[in-house]
Each structure stands twice: as C-alpha cells, then as structure tokens.
$ cat input_4.cif   # mmCIF, C-alpha atoms
data_upload
loop_
_atom_site.label_atom_id
_atom_site.label_comp_id
_atom_site.auth_asym_id
_atom_site.auth_seq_id
_atom_site.Cartn_x
_atom_site.Cartn_y
_atom_site.Cartn_z
CA MET A 163 12.75 28.98 4.82
CA GLY A 164 15.81 28.82 2.52
CA LEU A 165 17.68 26.20 4.50
CA TYR A 166 14.51 24.26 5.28
CA ARG A 167 13.16 24.24 1.73
CA ASP A 168 16.48 23.73 -0.04
CA GLN A 169 18.19 21.25 2.28
CA LEU A 170 15.81 19.64 4.78
CA LEU A 171 12.56 19.30 2.83
CA PRO A 172 14.06 17.22 -0.04
CA ARG A 173 15.49 14.79 2.52
CA PHE A 174 12.18 14.57 4.35
CA THR A 175 10.33 14.00 1.09
CA ASN A 176 12.78 11.28 0.09
CA VAL A 177 11.84 9.36 3.24
CA VAL A 178 8.09 10.01 3.29
CA LEU A 179 7.56 9.20 -0.40
CA GLY A 180 10.04 6.33 -0.41
CA THR A 181 7.84 3.72 1.26
CA ARG A 182 6.90 0.35 -0.21
CA GLU A 183 3.34 1.48 -0.83
CA PHE A 184 4.47 4.48 -2.84
CA ALA A 185 7.04 2.34 -4.67
CA ARG A 186 4.20 0.07 -5.81
CA LEU A 187 2.30 3.07 -7.17
CA ARG A 188 5.43 4.43 -8.87
CA ALA A 189 6.02 1.09 -10.60
CA ARG A 190 2.46 1.10 -11.89
CA VAL A 191 2.51 4.62 -13.31
CA ALA A 192 5.90 4.08 -14.97
CA ALA A 193 5.12 0.67 -16.43
CA ASN A 194 4.17 1.78 -19.95
CA LEU A 195 6.78 4.47 -20.48
CA GLU A 196 9.07 4.19 -23.49
CA GLY A 197 11.51 6.18 -25.56
CA GLU A 198 12.58 9.63 -24.39
CA VAL A 199 10.97 10.57 -21.08
CA LEU A 200 10.98 13.95 -19.37
CA GLU A 201 10.38 13.74 -15.63
CA ILE A 202 9.21 16.91 -13.90
CA GLY A 203 9.96 16.74 -10.19
CA PHE A 204 12.75 14.16 -10.47
CA GLY A 205 13.77 14.81 -6.86
CA SER A 206 15.85 12.03 -5.35
CA GLY A 207 15.20 9.68 -8.28
CA LEU A 208 12.63 7.47 -6.55
CA ASN A 209 10.94 6.70 -9.88
CA LEU A 210 14.16 5.69 -11.58
CA PRO A 211 14.24 2.00 -10.47
CA HIS A 212 10.76 1.56 -11.96
CA TYR A 213 11.52 2.72 -15.49
CA PRO A 214 11.03 -0.19 -17.91
CA PRO A 215 13.74 -1.28 -20.40
CA SER A 216 11.78 0.43 -23.18
CA VAL A 217 12.87 3.85 -21.86
CA THR A 218 15.97 5.05 -23.72
CA GLY A 219 16.67 8.21 -21.75
CA VAL A 220 15.39 10.47 -18.99
CA ARG A 221 15.55 14.26 -18.92
CA ALA A 222 15.23 15.39 -15.32
CA VAL A 223 13.74 18.67 -14.06
CA ASP A 224 13.67 19.61 -10.38
CA PRO A 225 14.11 22.86 -8.42
CA ALA A 226 15.80 21.18 -5.42
CA THR A 227 19.44 20.81 -6.39
CA VAL A 228 20.14 18.79 -3.23
CA GLY A 229 17.97 16.12 -4.82
CA ARG A 230 20.82 15.37 -7.21
CA LYS A 231 22.99 14.31 -4.28
CA LEU A 232 20.20 12.13 -2.91
CA ALA A 233 19.65 10.61 -6.36
CA ALA A 234 23.33 9.97 -7.14
CA LYS A 235 23.38 6.28 -6.21
CA ARG A 236 20.13 5.57 -8.04
CA VAL A 237 21.38 7.37 -11.14
CA ALA A 238 24.69 5.50 -11.04
CA ALA A 239 22.91 2.14 -10.72
CA SER A 240 20.37 2.81 -13.44
CA PRO A 241 20.74 1.36 -16.94
CA VAL A 242 18.71 4.33 -18.17
CA PRO A 243 20.83 7.45 -18.81
CA VAL A 244 19.70 10.56 -16.91
CA GLU A 245 20.34 14.12 -18.08
CA TYR A 246 19.56 17.03 -15.77
CA ILE A 247 18.16 19.78 -17.94
CA GLY A 248 16.54 22.37 -15.70
CA LEU A 249 15.02 23.50 -12.43
CA ASP A 250 11.62 24.86 -13.43
CA GLY A 251 8.68 22.87 -14.78
CA GLN A 252 7.06 26.12 -15.88
CA ASP A 253 9.81 26.76 -18.47
CA LEU A 254 11.12 23.53 -19.92
CA PRO A 255 14.40 23.94 -21.84
CA VAL A 256 13.28 21.40 -24.43
CA ASP A 257 12.34 21.74 -28.09
CA ASP A 258 8.74 21.47 -29.24
CA ARG A 259 7.51 17.91 -29.86
CA SER A 260 10.80 16.38 -28.68
CA VAL A 261 9.83 13.83 -26.00
CA ASP A 262 7.70 10.70 -26.08
CA HIS A 263 6.35 10.84 -22.54
CA VAL A 264 6.31 13.12 -19.51
CA LEU A 265 6.15 11.75 -15.96
CA THR A 266 5.07 13.60 -12.83
CA SER A 267 4.60 12.19 -9.34
CA TRP A 268 3.53 14.31 -6.37
CA THR A 269 4.73 17.34 -8.31
CA LEU A 270 1.80 19.23 -9.84
CA CYS A 271 0.68 20.16 -6.33
CA THR A 272 3.76 22.33 -5.79
CA ILE A 273 4.33 24.18 -9.08
CA PRO A 274 3.21 27.82 -8.61
CA GLN A 275 1.81 28.28 -12.14
CA VAL A 276 0.63 24.74 -12.74
CA ASP A 277 -1.42 25.70 -15.82
CA ARG A 278 1.70 27.09 -17.43
CA ALA A 279 3.65 23.92 -16.60
CA LEU A 280 0.97 21.74 -18.18
CA ARG A 281 0.99 23.89 -21.32
CA GLU A 282 4.74 23.27 -21.43
CA VAL A 283 4.05 19.53 -21.17
CA HIS A 284 1.71 19.79 -24.15
CA ARG A 285 4.31 21.74 -26.10
CA VAL A 286 7.19 19.30 -25.64
CA LEU A 287 5.23 16.09 -26.23
CA ARG A 288 5.33 14.50 -29.65
CA ALA A 289 1.99 13.85 -31.36
CA GLY A 290 0.46 10.86 -29.62
CA GLY A 291 2.81 11.24 -26.66
CA ALA A 292 1.45 11.08 -23.14
CA LEU A 293 1.66 12.56 -19.68
CA HIS A 294 1.78 9.86 -17.00
CA PHE A 295 0.82 11.32 -13.65
CA LEU A 296 0.61 10.21 -10.03
CA GLU A 297 -0.64 13.13 -7.97
CA HIS A 298 -2.71 13.96 -4.93
CA GLY A 299 -5.44 16.58 -5.07
CA ARG A 300 -8.98 17.67 -4.42
CA SER A 301 -11.35 15.03 -3.09
CA PRO A 302 -14.92 14.76 -4.42
CA ASP A 303 -16.06 14.32 -0.80
CA VAL A 304 -17.28 17.77 0.28
CA ARG A 305 -16.18 17.25 3.88
CA VAL A 306 -12.68 16.19 2.87
CA ALA A 307 -12.41 19.02 0.33
CA HIS A 308 -13.42 21.49 3.05
CA TRP A 309 -10.49 20.37 5.19
CA GLN A 310 -8.19 20.46 2.18
CA ASP A 311 -9.11 24.10 1.62
CA ARG A 312 -8.52 24.92 5.29
CA LEU A 313 -5.20 23.08 5.52
CA THR A 314 -3.68 24.16 2.20
CA PRO A 315 -2.29 27.53 3.42
CA LEU A 316 -0.36 25.73 6.18
CA GLN A 317 0.61 22.88 3.86
CA ARG A 318 2.07 25.32 1.37
CA ARG A 319 4.32 26.77 4.07
CA VAL A 320 5.65 23.49 5.44
CA ALA A 321 5.69 21.37 2.26
CA GLY A 322 7.37 23.49 -0.37
CA GLY A 323 4.26 25.11 -1.84
CA CYS A 324 2.17 21.94 -1.88
CA HIS A 325 -1.57 22.42 -2.48
CA LEU A 326 -3.91 19.75 -1.14
CA ASN A 327 -6.90 20.99 -3.12
CA ARG A 328 -5.92 21.15 -6.79
CA PRO A 329 -8.36 19.40 -9.17
CA ILE A 330 -5.66 17.51 -11.06
CA ASP A 331 -7.94 15.99 -13.70
CA GLN A 332 -9.42 19.36 -14.61
CA LEU A 333 -6.02 21.00 -14.79
CA VAL A 334 -4.70 18.28 -17.11
CA ALA A 335 -7.76 18.46 -19.36
CA ASN A 336 -7.50 22.25 -19.53
CA ALA A 337 -4.05 21.84 -21.11
CA ASP A 338 -5.64 20.17 -24.15
CA LEU A 339 -4.51 16.74 -23.00
CA GLU A 340 -7.03 13.92 -23.29
CA ILE A 341 -7.23 11.75 -20.19
CA THR A 342 -7.36 8.16 -21.43
CA GLU A 343 -6.77 6.43 -18.10
CA LEU A 344 -7.68 7.64 -14.63
CA ASP A 345 -7.87 5.91 -11.27
CA ASN A 346 -8.87 7.77 -8.11
CA TYR A 347 -8.41 6.43 -4.59
CA TYR A 348 -7.23 7.28 -1.10
CA VAL A 349 -3.86 6.11 0.17
CA LYS A 350 -3.43 5.22 3.83
CA GLY A 351 -3.47 8.16 6.20
CA PRO A 352 -5.58 11.31 6.63
CA LYS A 353 -7.93 11.65 3.68
CA ALA A 354 -7.19 15.34 3.22
CA PHE A 355 -3.61 14.45 2.27
CA GLY A 356 -4.23 11.26 0.34
CA TYR A 357 -6.77 11.54 -2.48
CA MET A 358 -4.92 10.29 -5.54
CA PHE A 359 -5.12 10.91 -9.27
CA GLU A 360 -3.26 8.20 -11.19
CA GLY A 361 -3.56 8.32 -14.93
CA VAL A 362 -2.43 8.92 -18.48
CA ALA A 363 -3.30 11.85 -20.74
CA THR A 364 -2.37 11.91 -24.41
CA LYS A 365 -1.60 14.78 -26.72
CA ARG A 366 -4.33 15.01 -29.30
#
$ encode --input "input_4.cif" --output "structure tokens"
Amino acid sequence: MGLYRDQLLPRFTNVVLGTREFARLRARVAANLEGEVLEIGFGSGLNLPHYPPSVTGVRAVDPATVGRKLAAKRVAASPVPVEYIGLDGQDLPVDDRSVDHVLTSWTLCTIPQVDRALREVHRVLRAGGALHFLEHGRSPDVRVAHWQDRLTPLQRRVAGGCHLNRPIDQLVANADLEITELDNYYVKGPKAFGYMFEGVATKR
C-alpha cells in the first residue's frame, strides 16, 4: 500500500478531481476567500487557480508529498504565494487565531480523526473567520446511505482512507463552527460516491 498510496493515488486523484465539473465547484467554494488562507488537503494544487485576488497567502497542508511535484507548475504560475507548512490536518503547526479562512475540498472524508482536525480548524481561525468546505458524505436517502455504509470499508482501502458515509454538516457543527451557508446535491455518477456538502461555517 505504500507505493500505491504515496505515489499512484495522488496522481489518480489529480486526474479524477481535475475535471471541468469539479473545477466549477472549486471556483464557487473559493470565491469569497480573502487574507491568509490555510488549505488542508492541498494535494496537487487544483484549487489554486480559483483563489481570488483578495487572498494574500496560502498555507498548504497535505500528507502526500508527491502532491508537491504535481502542484509545482500551478504554484509557480500563481500570483498567490504558497507555503507548505505540514502533512497532518490533525495537528496544524499554526498559532491560535492566525488565519482568516480555512479551505477543504474532498479532504474531510480521509482524515482518520476528523473531529480532532475540525477542532484544529476552530483553533487556528481568527474570530469571525470561516471554514469553506466542499466535501462528499452521507446521503439523507436511506437506500444510498445503506450502500455508502457497505462500500466504505472497501473505499477506505482503495482511496486513501476515504469514508463515503461521514455526516459532514454534523461534524462541522460539532466543532463549534456555525454553518452559515450549505448546499447539498449529487454530482454526476453513482450516488453513493457523489452526495456533496458545499458550504461555509464561521467561528463564533
């Protein structure tokens, strides 16, 4: 699994999540970012072209170091400076109340201790700062959720720990973040893999 997870999976993810449809969603979730942004799950930098001019800097966190190679051209072409600061979203090497916004996209599904990671998000956000998230997770449709539960053990093995069945909105709210915007929908493809949570949650 070492070679697959460390070398092949990031390249596969770069292709699968690099489509025009996903680019449109990335542009939408990044549209209102500003100031200092911390991106958990920076990966191959697919969000980077969608950062608005109001963003002054990006601190990047991602466990897949090969992602830095895949992101190199995007980082070089970006007017927004990028600083790689760590590998683990569960332990952010950032001071308390030091960032304006946090961005995650298709990331909260994979973090082993996602509650801990979201508490870290709360810690590093300035008062009034916000988490902008674009994630897939548990469907409200009982039949779809049943398949998500059945498929998640296999999904975790082949997709770097990805859970299909995490209730993203509940997890965010449990971290004392107030969800102020939320849009739920299915993307094209099998419903078990494509129920989306797109939103913003502010630090009280």
$ closest_residue --input "input_4.cif" --among "A:Thr272, A:Phe204, A:Val220, A:Leu280" --to "A:Arg318" --atoms "all atoms listed in the file"
A:Thr272
$ closest_residue --input "input_4.cif" --among "A:Thr269, A:Ser260, A:Thr364, A:Thr342" --to "A:His325" --atoms "only C-alpha atoms"
A:Thr269
$ residues_around --input "input_4.cif" --residues "A:Ser216" --least-positions-apart "5" --cutoff "7 Å" --atoms "all atoms listed in the file" --output "list of chain:residue names"
A:Leu195, A:Glu196, A:Gly197
$ residues_around --input "input_4.cif" --residues "A:Lys353" --least-positions-apart "3" --cutoff "12 Å" --atoms "all atoms listed in the file" --output "PDB file with C-alpha atoms, in the frame of the given file"
ATOM      1  CA  HIS A 298      -2.710  13.960  -4.930  1.00  0.00           C
ATOM      2  CA  GLY A 299      -5.440  16.580  -5.070  1.00  0.00           C
ATOM      3  CA  ARG A 300      -8.980  17.670  -4.420  1.00  0.00           C
ATOM      4  CA  SER A 301     -11.350  15.030  -3.090  1.00  0.00           C
ATOM      5  CA  PRO A 302     -14.920  14.760  -4.420  1.00  0.00           C
ATOM      6  CA  ASP A 303     -16.060  14.320  -0.800  1.00  0.00           C
ATOM      7  CA  VAL A 304     -17.280  17.770   0.280  1.00  0.00           C
ATOM      8  CA  ARG A 305     -16.180  17.250   3.880  1.00  0.00           C
ATOM      9  CA  VAL A 306     -12.680  16.190   2.870  1.00  0.00           C
ATOM     10  CA  ALA A 307     -12.410  19.020   0.330  1.00  0.00           C
ATOM     11  CA  HIS A 308     -13.420  21.490   3.050  1.00  0.00           C
ATOM     12  CA  TRP A 309     -10.490  20.370   5.190  1.00  0.00           C
ATOM     13  CA  GLN A 310      -8.190  20.460   2.180  1.00  0.00           C
ATOM     14  CA  LEU A 313      -5.200  23.080   5.520  1.00  0.00           C
ATOM     15  CA  LEU A 326      -3.910  19.750  -1.140  1.00  0.00           C
ATOM     16  CA  ASN A 327      -6.900  20.990  -3.120  1.00  0.00           C
ATOM     17  CA  TYR A 347      -8.410   6.430  -4.590  1.00  0.00           C
ATOM     18  CA  TYR A 348      -7.230   7.280  -1.100  1.00  0.00           C
ATOM     19  CA  VAL A 349      -3.860   6.110   0.170  1.00  0.00           C
ATOM     20  CA  LYS A 350      -3.430   5.220   3.830  1.00  0.00           C
ATOM     21  CA  GLY A 356      -4.230  11.260   0.340  1.00  0.00           C
ATOM     22  CA  TYR A 357      -6.770  11.540  -2.480  1.00  0.00           C
ATOM     23  CA  MET A 358      -4.920  10.290  -5.540  1.00  0.00           C
TER      24      MET A 358
END
$ atom_distance --input "input_4.cif" --atom1 "atom CA of A:Pro172" --atom2 "atom CA of A:Asp262"
27.6 Å
$ closest_residue --input "input_4.cif" --among "A:Arg173, A:Arg366, A:Arg319, A:Arg312" --to "A:Ala233" --atoms "only C-alpha atoms"
A:Arg173
$ closest_residue --input "input_4.cif" --among "A:Ala335, A:Leu287, A:Leu265, A:Cys271" --to "A:Arg190" --atoms "all atoms listed in the file"
A:Leu265
$ atom_distance --input "input_4.cif" --atom1 "atom CA of A:Pro255" --atom2 "atom CA of A:Glu343"
27.7 Å
$ closest_residue --input "input_4.cif" --among "A:Asp331, A:Ala354, A:Thr175, A:His294" --to "A:Asp311" --atoms "only C-alpha atoms"
A:Ala354
$ closest_residue --input "input_4.cif" --among "A:Leu200, A:Val362, A:Asn346, A:Gly351" --to "A:Glu183" --atoms "all atoms listed in the file"
A:Gly351
$ atom_distance --input "input_4.cif" --atom1 "atom CA of A:Gln275" --atom2 "atom CA of A:Ala189"
27.6 Å
$ resolve_selection --input "input_4.cif" --expression "the PyMOL selection byres ((chain A and resi 232) around 10)" --output "PyMOL selection string"
chain A and resi 172-173+176+205-208+227-231+233-237
$ resolve_selection --input "input_4.cif" --expression "the PyMOL selection byres ((chain A and resi 222) around 7)" --output "number ranges by chain"
A: 200-202, 204, 220-221, 223-224, 244-247
$ resolve_selection --input "input_4.cif" --expression "the PyMOL selection byres ((chain A and resi 281) around 12)" --output "ChimeraX atom specification"
/A:251-254,258,275-280,282-287,293,333-339,365
$ write_last_selection --input "input_4.cif" --atoms "C-alpha atoms" --output "CSV table (one decimal), in the coordinates of the input"
chain,number,residue,atom,x,y,z
A,251,GLY,CA,8.7,22.9,-14.8
A,252,GLN,CA,7.1,26.1,-15.9
A,253,ASP,CA,9.8,26.8,-18.5
A,254,LEU,CA,11.1,23.5,-19.9
A,258,ASP,CA,8.7,21.5,-29.2
A,275,GLN,CA,1.8,28.3,-12.1
A,276,VAL,CA,0.6,24.7,-12.7
A,277,ASP,CA,-1.4,25.7,-15.8
A,278,ARG,CA,1.7,27.1,-17.4
A,279,ALA,CA,3.6,23.9,-16.6
A,280,LEU,CA,1.0,21.7,-18.2
A,282,GLU,CA,4.7,23.3,-21.4
A,283,VAL,CA,4.0,19.5,-21.2
A,284,HIS,CA,1.7,19.8,-24.2
A,285,ARG,CA,4.3,21.7,-26.1
A,286,VAL,CA,7.2,19.3,-25.6
A,287,LEU,CA,5.2,16.1,-26.2
A,293,LEU,CA,1.7,12.6,-19.7
A,333,LEU,CA,-6.0,21.0,-14.8
A,334,VAL,CA,-4.7,18.3,-17.1
A,335,ALA,CA,-7.8,18.5,-19.4
A,336,ASN,CA,-7.5,22.2,-19.5
A,337,ALA,CA,-4.0,21.8,-21.1
A,338,ASP,CA,-5.6,20.2,-24.2
A,339,LEU,CA,-4.5,16.7,-23.0
A,365,LYS,CA,-1.6,14.8,-26.7
$ build_atoms --input "input_4.cif" --residues "stretch 178-192 of chain A" --atoms "N, CA, C and O atoms" --output "PDB file, in the frame of the given file"
ATOM      1  N   VAL A 178       9.545  10.158   3.231  1.00  0.00           N
ATOM      2  CA  VAL A 178       8.090  10.010   3.290  1.00  0.00           C
ATOM      3  C   VAL A 178       7.534   9.360   2.028  1.00  0.00           C
ATOM      4  O   VAL A 178       6.639   8.501   2.089  1.00  0.00           O
ATOM      5  N   LEU A 179       8.068   9.736   0.878  1.00  0.00           N
ATOM      6  CA  LEU A 179       7.560   9.200  -0.400  1.00  0.00           C
ATOM      7  C   LEU A 179       8.367   8.008  -0.887  1.00  0.00           C
ATOM      8  O   LEU A 179       8.202   7.584  -2.027  1.00  0.00           O
ATOM      9  N   GLY A 180       9.212   7.471  -0.021  1.00  0.00           N
ATOM     10  CA  GLY A 180      10.040   6.330  -0.410  1.00  0.00           C
ATOM     11  C   GLY A 180       9.593   5.012   0.184  1.00  0.00           C
ATOM     12  O   GLY A 180      10.368   4.054   0.198  1.00  0.00           O
ATOM     13  N   THR A 181       8.352   4.936   0.634  1.00  0.00           N
ATOM     14  CA  THR A 181       7.840   3.720   1.260  1.00  0.00           C
ATOM     15  C   THR A 181       7.493   2.657   0.216  1.00  0.00           C
ATOM     16  O   THR A 181       7.405   2.944  -0.984  1.00  0.00           O
ATOM     17  N   ARG A 182       7.264   1.441   0.691  1.00  0.00           N
ATOM     18  CA  ARG A 182       6.900   0.350  -0.210  1.00  0.00           C
ATOM     19  C   ARG A 182       5.578   0.617  -0.923  1.00  0.00           C
ATOM     20  O   ARG A 182       5.426   0.288  -2.094  1.00  0.00           O
ATOM     21  N   GLU A 183       4.628   1.192  -0.197  1.00  0.00           N
ATOM     22  CA  GLU A 183       3.340   1.480  -0.830  1.00  0.00           C
ATOM     23  C   GLU A 183       3.505   2.448  -1.985  1.00  0.00           C
ATOM     24  O   GLU A 183       2.966   2.241  -3.078  1.00  0.00           O
ATOM     25  N   PHE A 184       4.261   3.506  -1.779  1.00  0.00           N
ATOM     26  CA  PHE A 184       4.470   4.480  -2.840  1.00  0.00           C
ATOM     27  C   PHE A 184       5.321   3.885  -3.966  1.00  0.00           C
ATOM     28  O   PHE A 184       5.133   4.234  -5.138  1.00  0.00           O
ATOM     29  N   ALA A 185       6.246   3.002  -3.637  1.00  0.00           N
ATOM     30  CA  ALA A 185       7.040   2.340  -4.670  1.00  0.00           C
ATOM     31  C   ALA A 185       6.139   1.513  -5.587  1.00  0.00           C
ATOM     32  O   ALA A 185       6.344   1.467  -6.802  1.00  0.00           O
ATOM     33  N   ARG A 186       5.143   0.858  -5.007  1.00  0.00           N
ATOM     34  CA  ARG A 186       4.200   0.070  -5.810  1.00  0.00           C
ATOM     35  C   ARG A 186       3.429   0.967  -6.778  1.00  0.00           C
ATOM     36  O   ARG A 186       3.240   0.627  -7.950  1.00  0.00           O
ATOM     37  N   LEU A 187       3.024   2.128  -6.311  1.00  0.00           N
ATOM     38  CA  LEU A 187       2.300   3.070  -7.170  1.00  0.00           C
ATOM     39  C   LEU A 187       3.229   3.629  -8.254  1.00  0.00           C
ATOM     40  O   LEU A 187       2.815   3.796  -9.406  1.00  0.00           O
ATOM     41  N   ARG A 188       4.468   3.919  -7.898  1.00  0.00           N
ATOM     42  CA  ARG A 188       5.430   4.430  -8.870  1.00  0.00           C
ATOM     43  C   ARG A 188       5.662   3.410  -9.985  1.00  0.00           C
ATOM     44  O   ARG A 188       5.727   3.766 -11.168  1.00  0.00           O
ATOM     45  N   ALA A 189       5.793   2.143  -9.608  1.00  0.00           N
ATOM     46  CA  ALA A 189       6.020   1.090 -10.600  1.00  0.00           C
ATOM     47  C   ALA A 189       4.849   1.010 -11.564  1.00  0.00           C
ATOM     48  O   ALA A 189       5.029   0.799 -12.771  1.00  0.00           O
ATOM     49  N   ARG A 190       3.657   1.200 -11.050  1.00  0.00           N
ATOM     50  CA  ARG A 190       2.460   1.100 -11.890  1.00  0.00           C
ATOM     51  C   ARG A 190       2.368   2.261 -12.884  1.00  0.00           C
ATOM     52  O   ARG A 190       2.070   2.058 -14.057  1.00  0.00           O
ATOM     53  N   VAL A 191       2.656   3.475 -12.423  1.00  0.00           N
ATOM     54  CA  VAL A 191       2.510   4.620 -13.310  1.00  0.00           C
ATOM     55  C   VAL A 191       3.625   4.684 -14.347  1.00  0.00           C
ATOM     56  O   VAL A 191       3.456   5.257 -15.429  1.00  0.00           O
ATOM     57  N   ALA A 192       4.771   4.062 -14.040  1.00  0.00           N
ATOM     58  CA  ALA A 192       5.900   4.080 -14.970  1.00  0.00           C
ATOM     59  C   ALA A 192       5.911   2.905 -15.940  1.00  0.00           C
ATOM     60  O   ALA A 192       6.706   2.890 -16.884  1.00  0.00           O
TER      61      ALA A 192
END
